[in-house]
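Have a look at protein.txt; it's compact mmCIF, C-alpha atoms and all ligand atoms:
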# COMPACT_ATOMS: atom_id res chain seq x y z
CA MET A 1 3.06 -15.03 -21.67
CA SER A 2 1.21 -13.27 -18.87
CA GLU A 3 2.38 -9.75 -18.09
CA ALA A 4 3.89 -10.87 -14.76
CA SER A 5 5.18 -14.34 -15.70
CA PRO A 6 8.25 -15.85 -13.97
CA ARG A 7 10.38 -14.81 -16.97
CA VAL A 8 9.32 -11.20 -16.48
CA GLN A 9 10.21 -11.52 -12.79
CA GLN A 10 13.64 -12.97 -13.65
CA LEU A 11 14.35 -10.15 -16.08
CA PHE A 12 13.32 -7.61 -13.45
CA ALA A 13 15.63 -9.22 -10.86
CA LEU A 14 18.61 -9.23 -13.26
CA LEU A 15 18.10 -5.62 -14.33
CA ALA A 16 17.58 -4.49 -10.72
CA SER A 17 20.72 -6.27 -9.57
CA ALA A 18 22.77 -4.47 -12.25
CA GLN A 19 21.97 -1.14 -10.61
CA GLY A 20 24.46 0.39 -8.26
CA PRO A 21 24.44 3.61 -6.31
CA GLY A 22 24.73 6.45 -8.80
CA TYR A 23 24.96 4.29 -11.93
CA ARG A 24 22.68 2.17 -14.04
CA SER A 25 24.55 -0.44 -16.09
CA PHE A 26 23.27 -1.86 -19.35
CA LEU A 27 22.96 -5.62 -19.70
CA SER A 28 23.20 -6.85 -23.27
CA GLY A 29 20.24 -8.66 -24.82
CA ALA A 30 22.54 -11.57 -25.70
CA GLN A 31 23.77 -11.88 -22.10
CA LEU A 32 20.26 -11.69 -20.68
CA ALA A 33 19.05 -14.30 -23.20
CA ARG A 34 21.90 -16.62 -22.14
CA ASP A 35 21.26 -16.04 -18.42
CA LEU A 36 17.55 -16.77 -18.74
CA GLY A 37 17.96 -19.54 -21.33
CA VAL A 38 15.58 -17.92 -23.82
CA SER A 39 15.78 -16.13 -27.18
CA ARG A 40 16.59 -12.43 -27.54
CA SER A 41 13.08 -11.83 -28.80
CA ALA A 42 11.71 -13.39 -25.59
CA ILE A 43 13.81 -10.85 -23.66
CA TRP A 44 12.41 -8.08 -25.80
CA LYS A 45 8.84 -9.27 -25.04
CA ALA A 46 9.54 -9.60 -21.31
CA ALA A 47 10.96 -6.03 -21.29
CA ALA A 48 7.76 -4.83 -22.98
CA SER A 49 5.72 -6.60 -20.26
CA LEU A 50 7.78 -4.91 -17.53
CA ARG A 51 7.15 -1.55 -19.17
CA SER A 52 3.41 -2.24 -19.30
CA LEU A 53 3.55 -2.85 -15.51
CA GLY A 54 5.13 0.59 -15.01
CA VAL A 55 8.81 -0.42 -14.70
CA ALA A 56 11.17 2.03 -16.44
CA VAL A 57 13.12 -0.24 -18.82
CA GLU A 58 15.33 1.44 -21.41
CA ALA A 59 16.52 -0.55 -24.43
CA LEU A 60 19.27 0.85 -26.67
CA PRO A 61 20.70 -0.78 -29.80
CA ARG A 62 24.17 -2.30 -29.21
CA GLN A 63 24.01 -1.48 -25.49
CA GLY A 64 21.15 -3.56 -24.19
CA TYR A 65 18.66 -3.03 -21.38
CA ARG A 66 18.70 -1.15 -18.10
CA LEU A 67 16.36 0.33 -15.53
CA THR A 68 16.26 4.10 -15.50
CA ARG A 69 14.54 4.37 -12.10
CA ALA A 70 15.84 2.80 -8.92
CA ALA A 71 14.11 -0.50 -8.21
CA SER A 72 14.98 -3.55 -6.20
CA SER A 73 13.37 -6.83 -5.28
CA LEU A 74 11.81 -6.99 -1.83
CA GLU A 75 13.35 -9.84 0.17
CA GLN A 76 11.46 -11.41 3.07
CA THR A 77 14.70 -12.13 4.96
CA ALA A 78 15.56 -8.40 4.83
CA VAL A 79 12.06 -7.49 6.09
CA ILE A 80 12.08 -10.06 8.88
CA SER A 81 15.57 -9.13 10.07
CA ALA A 82 14.52 -5.45 10.24
CA LEU A 83 11.51 -6.17 12.49
CA GLN A 84 11.70 -5.16 16.13
CA PRO A 85 12.21 -8.26 18.33
CA GLY A 86 8.70 -7.98 19.82
CA THR A 87 7.15 -7.96 16.34
CA ALA A 88 9.35 -10.78 15.05
CA ALA A 89 8.26 -12.89 18.04
CA ARG A 90 4.61 -12.52 16.98
CA LEU A 91 5.19 -13.36 13.30
CA ARG A 92 3.67 -16.69 12.19
CA HIS A 93 4.42 -16.52 8.47
CA GLY A 94 5.88 -13.74 6.33
CA GLU A 95 6.37 -13.78 2.60
CA CYS A 96 7.46 -11.39 -0.17
CA ARG A 97 6.09 -12.60 -3.50
CA TRP A 98 6.48 -11.43 -7.02
CA THR A 99 2.80 -11.77 -7.87
CA THR A 100 -0.59 -12.65 -6.42
CA THR A 101 -4.17 -11.71 -7.21
CA SER A 102 -4.54 -9.49 -4.14
CA THR A 103 -2.44 -9.60 -0.96
CA ASN A 104 -5.61 -8.92 1.07
CA ALA A 105 -7.63 -11.69 -0.61
CA ASP A 106 -4.77 -14.11 -0.15
CA LEU A 107 -4.48 -13.55 3.61
CA LEU A 108 -8.24 -13.41 4.06
CA SER A 109 -8.50 -16.97 2.77
CA ARG A 110 -6.13 -18.28 5.48
CA GLY A 111 -7.21 -18.98 9.02
CA GLY A 112 -5.98 -20.42 12.25
CA LEU A 113 -4.15 -17.38 13.60
CA GLY A 114 -3.66 -17.45 17.35
CA ALA A 115 -4.21 -14.40 19.57
CA GLY A 116 -1.41 -11.85 19.11
CA GLU A 117 0.05 -13.61 16.03
CA PHE A 118 0.21 -12.21 12.51
CA ASP A 119 1.03 -13.20 8.94
CA PHE A 120 2.27 -10.75 6.33
CA LEU A 121 2.43 -10.81 2.57
CA THR A 122 3.85 -8.38 0.04
CA ALA A 123 3.62 -8.58 -3.75
CA GLU A 124 5.26 -6.64 -6.55
CA TYR A 125 2.32 -7.19 -8.83
CA GLN A 126 -1.31 -7.80 -7.92
CA SER A 127 -3.48 -8.89 -10.83
CA ALA A 128 -6.51 -7.71 -8.84
CA GLY A 129 -5.08 -5.21 -6.33
CA ARG A 130 -8.07 -3.96 -4.40
CA GLY A 131 -9.15 -0.52 -3.29
CA ARG A 132 -12.51 0.12 -1.70
CA ARG A 133 -15.63 -1.02 -3.56
CA GLY A 134 -13.49 -3.14 -5.85
CA ARG A 135 -11.59 -0.13 -7.26
CA ARG A 136 -8.14 -1.04 -8.55
CA TRP A 137 -4.90 -0.21 -6.79
CA LEU A 138 -2.03 0.36 -9.22
CA ALA A 139 1.61 -0.20 -8.29
CA PRO A 140 4.75 -0.74 -10.37
CA PRO A 141 7.07 -3.63 -9.37
CA GLY A 142 9.97 -2.26 -7.35
CA GLY A 143 8.41 1.19 -6.96
CA ALA A 144 5.72 0.67 -4.33
CA ILE A 145 4.74 -1.33 -1.30
CA CYS A 146 1.72 -3.62 -1.47
CA LEU A 147 1.59 -5.06 2.02
CA SER A 148 -1.09 -6.94 3.92
CA TRP A 149 -1.04 -8.43 7.36
CA SER A 150 -3.62 -10.47 9.19
CA TRP A 151 -4.65 -10.41 12.79
CA SER A 152 -7.24 -12.11 14.92
CA PHE A 153 -9.42 -10.25 17.42
CA GLU A 154 -10.93 -12.59 20.02
CA VAL A 155 -13.74 -10.08 20.38
CA LEU A 156 -14.18 -7.33 17.81
CA PRO A 157 -13.40 -4.02 19.61
CA PRO A 158 -16.45 -1.73 19.91
CA GLN A 159 -15.11 1.11 17.76
CA SER A 160 -14.03 -1.25 14.94
CA GLY A 161 -15.36 1.19 12.33
CA ALA A 162 -12.42 3.43 13.27
CA LEU A 163 -9.78 0.74 12.75
CA SER A 164 -8.73 2.07 9.34
CA LEU A 165 -8.23 5.53 10.91
CA ALA A 166 -6.08 3.99 13.67
CA ILE A 167 -4.04 2.16 11.03
CA GLY A 168 -3.57 5.49 9.25
CA VAL A 169 -2.10 6.85 12.49
CA ALA A 170 0.12 3.75 12.77
CA ALA A 171 1.34 4.30 9.20
CA LEU A 172 2.33 7.87 10.08
CA ARG A 173 4.16 6.59 13.17
CA ALA A 174 6.03 4.13 10.92
CA LEU A 175 6.92 6.79 8.35
CA GLY A 176 8.07 9.10 11.18
CA ARG A 177 10.38 6.35 12.42
CA CYS A 178 11.87 6.24 8.91
CA GLY A 179 12.41 10.02 9.00
CA ILE A 180 9.46 10.90 6.77
CA THR A 181 7.21 13.71 7.88
CA GLY A 182 4.71 15.95 6.13
CA VAL A 183 2.16 13.20 5.47
CA GLY A 184 -1.49 13.73 6.40
CA LEU A 185 -4.60 11.57 6.64
CA LYS A 186 -7.68 12.02 4.47
CA TRP A 187 -10.77 10.38 5.93
CA PRO A 188 -11.34 7.52 5.91
CA ASN A 189 -8.38 5.68 4.41
CA ASP A 190 -5.86 7.75 2.46
CA LEU A 191 -2.31 8.86 3.23
CA VAL A 192 -1.81 12.18 1.47
CA THR A 193 0.65 15.02 0.95
CA PRO A 194 -0.09 18.37 -0.68
CA ALA A 195 1.05 16.74 -3.97
CA GLY A 196 -1.60 14.01 -3.87
CA LYS A 197 -2.38 10.52 -2.65
CA LEU A 198 0.66 8.69 -1.25
CA GLY A 199 -1.07 5.57 -0.05
CA GLY A 200 -4.29 3.87 0.85
CA ILE A 201 -5.55 1.46 3.48
CA LEU A 202 -8.10 -1.29 2.99
CA ILE A 203 -9.38 -3.34 5.92
CA GLU A 204 -11.37 -6.51 5.40
CA LEU A 205 -12.95 -8.70 8.09
CA ARG A 206 -14.16 -12.27 8.29
CA SER A 207 -16.10 -13.20 11.41
CA GLU A 208 -16.92 -16.75 12.36
CA SER A 209 -20.12 -16.94 14.38
CA GLY A 210 -19.25 -16.87 18.05
CA GLY A 211 -15.55 -17.15 17.18
CA PRO A 212 -12.70 -14.70 16.70
CA THR A 213 -12.72 -12.08 13.94
CA HIS A 214 -10.06 -12.47 11.28
CA VAL A 215 -8.91 -9.03 10.13
CA VAL A 216 -6.72 -8.29 7.15
CA VAL A 217 -5.12 -4.85 6.79
CA GLY A 218 -3.83 -3.87 3.37
CA ILE A 219 -1.58 -0.86 2.79
CA GLY A 220 -0.52 0.43 -0.59
CA LEU A 221 2.33 2.95 -0.32
CA ASN A 222 3.93 4.69 -3.28
CA VAL A 223 7.73 4.83 -3.14
CA GLY A 224 8.78 5.78 -6.70
CA LEU A 225 5.86 5.43 -9.09
CA GLY A 226 7.09 6.89 -12.35
CA PRO A 227 5.05 8.98 -14.76
CA GLU A 228 3.20 6.08 -16.41
CA ILE A 229 1.43 4.95 -13.23
CA VAL A 230 0.81 8.56 -12.15
CA GLU A 231 -0.92 9.03 -15.52
CA ASP A 232 -2.92 5.78 -15.14
CA VAL A 233 -4.14 6.94 -11.72
CA ALA A 234 -4.96 10.41 -13.10
CA VAL A 235 -7.30 8.78 -15.62
CA THR A 236 -9.31 7.41 -12.67
CA GLY A 237 -9.65 10.92 -11.19
CA ASN A 238 -6.99 10.83 -8.47
CA ARG A 239 -3.62 12.56 -8.13
CA ALA A 240 -0.96 10.04 -7.05
CA THR A 241 2.32 11.03 -5.43
CA ASP A 242 5.23 9.06 -3.94
CA LEU A 243 7.94 9.16 -1.28
CA ALA A 244 10.50 10.11 -3.93
CA ALA A 245 8.66 13.43 -4.24
CA LEU A 246 9.01 13.98 -0.47
CA THR A 247 12.61 12.96 0.05
CA PRO A 248 15.51 12.56 -2.40
CA GLN A 249 16.54 9.20 -0.92
CA PRO A 250 13.48 7.21 0.25
CA PRO A 251 14.28 4.47 2.79
CA ALA A 252 14.74 0.92 1.51
CA ARG A 253 11.41 -0.78 0.97
CA SER A 254 12.34 -3.57 3.41
CA GLN A 255 12.87 -0.93 6.14
CA LEU A 256 9.53 0.67 5.33
CA VAL A 257 7.69 -2.67 5.38
CA ALA A 258 9.28 -3.61 8.70
CA ALA A 259 8.39 -0.22 10.20
CA LEU A 260 4.79 -0.57 8.95
CA LEU A 261 4.54 -4.04 10.49
CA ASP A 262 6.06 -2.89 13.81
CA ALA A 263 3.72 0.08 14.11
CA GLY A 264 0.76 -1.70 12.51
CA THR A 265 0.74 -4.82 14.67
CA THR A 266 1.44 -2.76 17.80
CA ALA A 267 -1.59 -0.66 16.83
CA MET A 268 -3.76 -3.78 16.48
CA ALA A 269 -2.93 -4.85 20.03
CA GLU A 270 -3.41 -1.26 21.26
CA PHE A 271 -6.79 -1.04 19.48
CA ALA A 272 -7.91 -4.27 21.14
CA ARG A 273 -7.09 -2.74 24.56
CA THR A 274 -8.18 0.88 24.20
CA GLY A 275 -10.24 1.04 21.01
CA PHE A 276 -9.79 4.24 19.02
CA ASP A 277 -9.28 6.51 22.04
CA SER A 278 -5.49 6.41 22.12
CA PHE A 279 -5.27 7.29 18.41
CA ILE A 280 -7.73 10.22 18.26
CA ALA A 281 -5.33 13.04 19.14
CA GLU A 282 -2.78 11.95 16.54
CA TYR A 283 -5.52 11.49 13.94
CA ARG A 284 -6.78 15.01 14.59
CA ASP A 285 -3.26 16.44 14.17
CA ALA A 286 -2.96 14.75 10.77
CA ASP A 287 -6.54 15.37 9.54
CA VAL A 288 -6.23 17.25 6.23
CA LEU A 289 -9.99 17.69 5.78
CA ALA A 290 -10.71 19.60 9.01
CA GLY A 291 -12.08 23.04 8.19
CA GLN A 292 -12.33 22.29 4.45
CA SER A 293 -15.46 22.38 2.32
CA VAL A 294 -16.08 18.80 1.25
CA LYS A 295 -18.61 16.69 -0.56
CA ALA A 296 -19.20 13.18 0.75
CA SER A 297 -20.65 11.06 -2.02
CA GLY A 298 -22.30 7.72 -1.35
CA PRO A 299 -24.00 5.31 -3.73
CA GLN A 300 -27.41 6.96 -3.24
CA ASP A 301 -26.79 10.62 -2.46
CA SER A 302 -24.17 13.17 -1.53
CA VAL A 303 -23.78 15.67 1.30
CA GLU A 304 -21.85 18.93 1.18
CA GLY A 305 -20.55 20.80 4.17
CA SER A 306 -17.59 21.98 6.16
CA ALA A 307 -15.53 19.14 7.66
CA ALA A 308 -15.51 19.48 11.45
CA GLY A 309 -13.15 16.64 12.35
CA ILE A 310 -14.08 13.19 13.59
CA ASP A 311 -15.95 11.88 16.60
CA HIS A 312 -14.93 9.18 19.11
CA ASP A 313 -16.10 6.41 16.76
CA GLY A 314 -14.12 7.77 13.82
CA ALA A 315 -17.16 9.14 12.00
CA LEU A 316 -16.57 12.23 9.86
CA LEU A 317 -18.48 15.29 11.11
CA LEU A 318 -19.88 17.62 8.48
CA ASP A 319 -21.48 20.98 9.23
CA THR A 320 -24.17 21.39 6.57
CA THR A 321 -26.87 24.00 5.97
CA THR A 322 -29.29 21.72 7.82
CA GLY A 323 -27.04 21.06 10.80
CA ARG A 324 -24.26 18.66 11.77
CA ARG A 325 -24.19 15.29 9.99
CA ARG A 326 -22.21 12.19 10.96
CA ILE A 327 -20.73 10.31 8.04
CA VAL A 328 -19.87 6.75 8.93
CA SER A 329 -16.81 5.09 7.47
CA GLY A 330 -17.61 2.82 4.59
CA GLU A 331 -19.20 3.51 1.26
CA ILE A 332 -18.32 7.17 1.14
CA SER A 333 -15.75 8.95 -0.94
CA VAL A 334 -14.79 12.46 0.13
CA ARG A 335 -13.60 15.18 -2.24
CA ARG A 336 -12.57 18.68 -1.33
CA THR A 337 -14.85 21.18 -3.06
P1 LIG B 1 -10.87 8.31 -3.13
O1 LIG B 1 -9.43 8.18 -2.69
O2 LIG B 1 -11.01 8.83 -4.50
O3 LIG B 1 -11.74 8.93 -2.11
P2 LIG B 1 -11.35 5.65 -2.43
O4 LIG B 1 -10.81 6.00 -1.08
O5 LIG B 1 -12.65 4.97 -2.49
O6 LIG B 1 -11.43 6.89 -3.36
P3 LIG B 1 -9.36 3.68 -2.65
O7 LIG B 1 -10.15 2.47 -2.50
O8 LIG B 1 -8.57 4.16 -1.48
O9 LIG B 1 -10.25 4.84 -3.22
O10 LIG B 1 -8.34 3.48 -3.85
C1 LIG B 1 -8.72 3.24 -5.18
C2 LIG B 1 -8.50 4.47 -6.02
O11 LIG B 1 -7.23 5.06 -5.74
C3 LIG B 1 -8.44 4.16 -7.52
O12 LIG B 1 -9.70 4.23 -8.09
C4 LIG B 1 -7.50 5.22 -8.07
O13 LIG B 1 -8.19 6.41 -8.37
C5 LIG B 1 -6.59 5.52 -6.93
N1 LIG B 1 -5.30 4.81 -7.01
C6 LIG B 1 -5.01 3.59 -7.54
N2 LIG B 1 -3.72 3.29 -7.39
C7 LIG B 1 -3.16 4.34 -6.77
C8 LIG B 1 -1.83 4.65 -6.33
N3 LIG B 1 -0.81 3.80 -6.49
N4 LIG B 1 -1.63 5.84 -5.70
C9 LIG B 1 -2.64 6.71 -5.51
N5 LIG B 1 -3.90 6.49 -5.90
C10 LIG B 1 -4.16 5.32 -6.52

Write out the structure in this file as structure tokens.
Amino acid sequence: MSEASPRVQQLFALLASAQGPGYRSFLSGAQLARDLGVSRSAIWKAAASLRSLGVAVEALPRQGYRLTRAASSLEQTAVISALQPGTAARLRHGECRWTTTSTNADLLSRGGLGAGEFDFLTAEYQSAGRGRRGRRWLAPPGGAICLSWSWSFEVLPPQSGALSLAIGVAALRALGRCGITGVGLKWPNDLVTPAGKLGGILIELRSESGGPTHVVVGIGLNVGLGPEIVEDVAVTGNRATDLAALTPQPPARSQLVAALLDAGTTAMAEFARTGFDSFIAEYRDADVLAGQSVKASGPQDSVEGSAAGIDHDGALLLDTTTGRRRIVSGEISVRRT
């Protein structure tokens, strides 16, 4: 049985539906086995798979199974009904799935989007969730948002290198609309708080010669990660944090996804019209690197200096001992020194 098989999904849905505000009910192994039409040992194995994905499943003798952290399934009807009318009118196809290889890869393989239209896809589990340079993005089912949407630019806007910065600004606008403040942007693609990395953005493009450019925007946003995933991320050298650390009652994931799509697709249309210019001031307000000593490491070499903000194309400016350097978005990872 694969770690995210349909049986694992069904068990997750049953356990999540047994949660209520302020209580977490146990469901007996016998009942779960009857409901899913499998043996009790199959339930035990499926619970172990859920745990390996980062879901907090407690199993107690004579009581059964329950989730000890709030989690719920993401429903596409709930997302679509929470979209603003203007966004809903532009939606071609939206889907919330249990599993896929990578929401970005999935949307990148589709085509045929008309101008101003978008598709979206969320998944609870990505077998190959992508960060930059093929690095893995980790997210527990029910405790994070793995969202991608696609868009088609008739002509790629001139400052397209700054698109991930503009999407960062759009993500902050969306969080603000959900009452969440105190989130900053770390060049080029991270949403951060003082406690660590809250989310990441990955933009992938596919241009057809002489034709429109198909753009897929992926956002990973941590809602309630749990210690296991935080630990898994720590092993890779990053500090992960989540919305639950910012606010005692994070908004429903469907509300967050809808807000991200409203702000995100509005930002795509805005970027096509004005490029990066209308996002720069907000980016600068949220820039957590400005004035910090940082090291920008690329595949070949690294540069150290004092971060001096960004320029009109979204490049990171570094004041080094040999003068000001422009670091272009892409194969660079920035660490505070
Ligand atoms: P960095 O953020 O270190 O500069 P990067 O921007 O190249 O690196 P991304 O592509 O944004 O990294 O994301 C991949 C990295 O993010 C992983 O290698 C891991 O360290 C970290 N990571 C993976 N999952 C999560 C998560 N849910 N929350 C926070 N960080 C994560």

Interatomic distance, atom CA of A:Val288 to atom CA of A:Gln300 (Å, one decimal):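 For atom CA of A:Val288 relative to atom CA of A:Gln300, the distance reads 25.4 Å.
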
Residue neighbourhood stretch 63-70 of chain A, 8 Å, only C-alpha atoms, exclusion window fewer than 4 positions, as a PyMOL selection string: chain A and resi 15-16+18-19+24-29+55-59+142-143+224+226

Close residues, A:Ile201 itself excluded, 9 Å, only C-alpha atoms, min 2 positions apart in chain, as number ranges by chain: A: 131-132, 164-165, 167-168, 188-191, 199, 203, 217-221

Where does stretch 53-136 of chain A meet stretch 266-269 of chain A within 12 Å, residue by residue, with the nearest atom pair and distance in Å to one decimal for each, counting all atoms listed in the file, listed by chain and rising number, as CSV?
residue,atom,partner,partner_atom,distance
A:Leu83,CA,A:Thr266,CA,11.9
A:Gln84,CA,A:Thr266,CA,10.7
A:Gly86,CA,A:Thr266,CA,9.2
A:Thr87,CA,A:Thr266,CA,7.9
A:Ala88,CA,A:Thr266,CA,11.6
A:Arg90,CA,A:Thr266,CA,10.3
A:Ala115,CA,A:Ala269,CA,9.6
A:Gly116,CA,A:Ala269,CA,7.2
A:Glu117,CA,A:Ala269,CA,10.1
A:Phe118,CA,A:Met268,CA,10.1

Where is the centre and how long are the edges: axis-aligned box on stretch 98-114 of chain A, 8 Å on each side, Å to one decimal, as lines of an AutoDock Vina configuration file:
center_x = -1.0
center_y = -14.7
center_z = 4.7
size_x = 31.0
size_y = 27.5
size_z = 41.2

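With distances restricted to all atoms listed in the file, A:Pro140 is the closest residue to A:Ile229 from A:Pro140, A:Gly200, A:Gly37, A:Gly182.
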
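Between A:Ser127 and the candidates A:Thr103, A:Thr241, A:Thr274, A:Ser297, the tightest atom-to-atom separation, counting all atoms listed in the file, involves A:Thr103.
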
Contacts with ligand LIG 1 (chain B) at most 8 Å, only C-alpha atoms and all ligand atoms counted, listed as a ChimeraX atom specification: /A:130-139,144,188-190,196-202,220-222,225,229-230,233-242,331-335

Atom-to-atom span, atom CA of A:Phe153 and atom CA of A:Gly275, Å: 11.9 Å
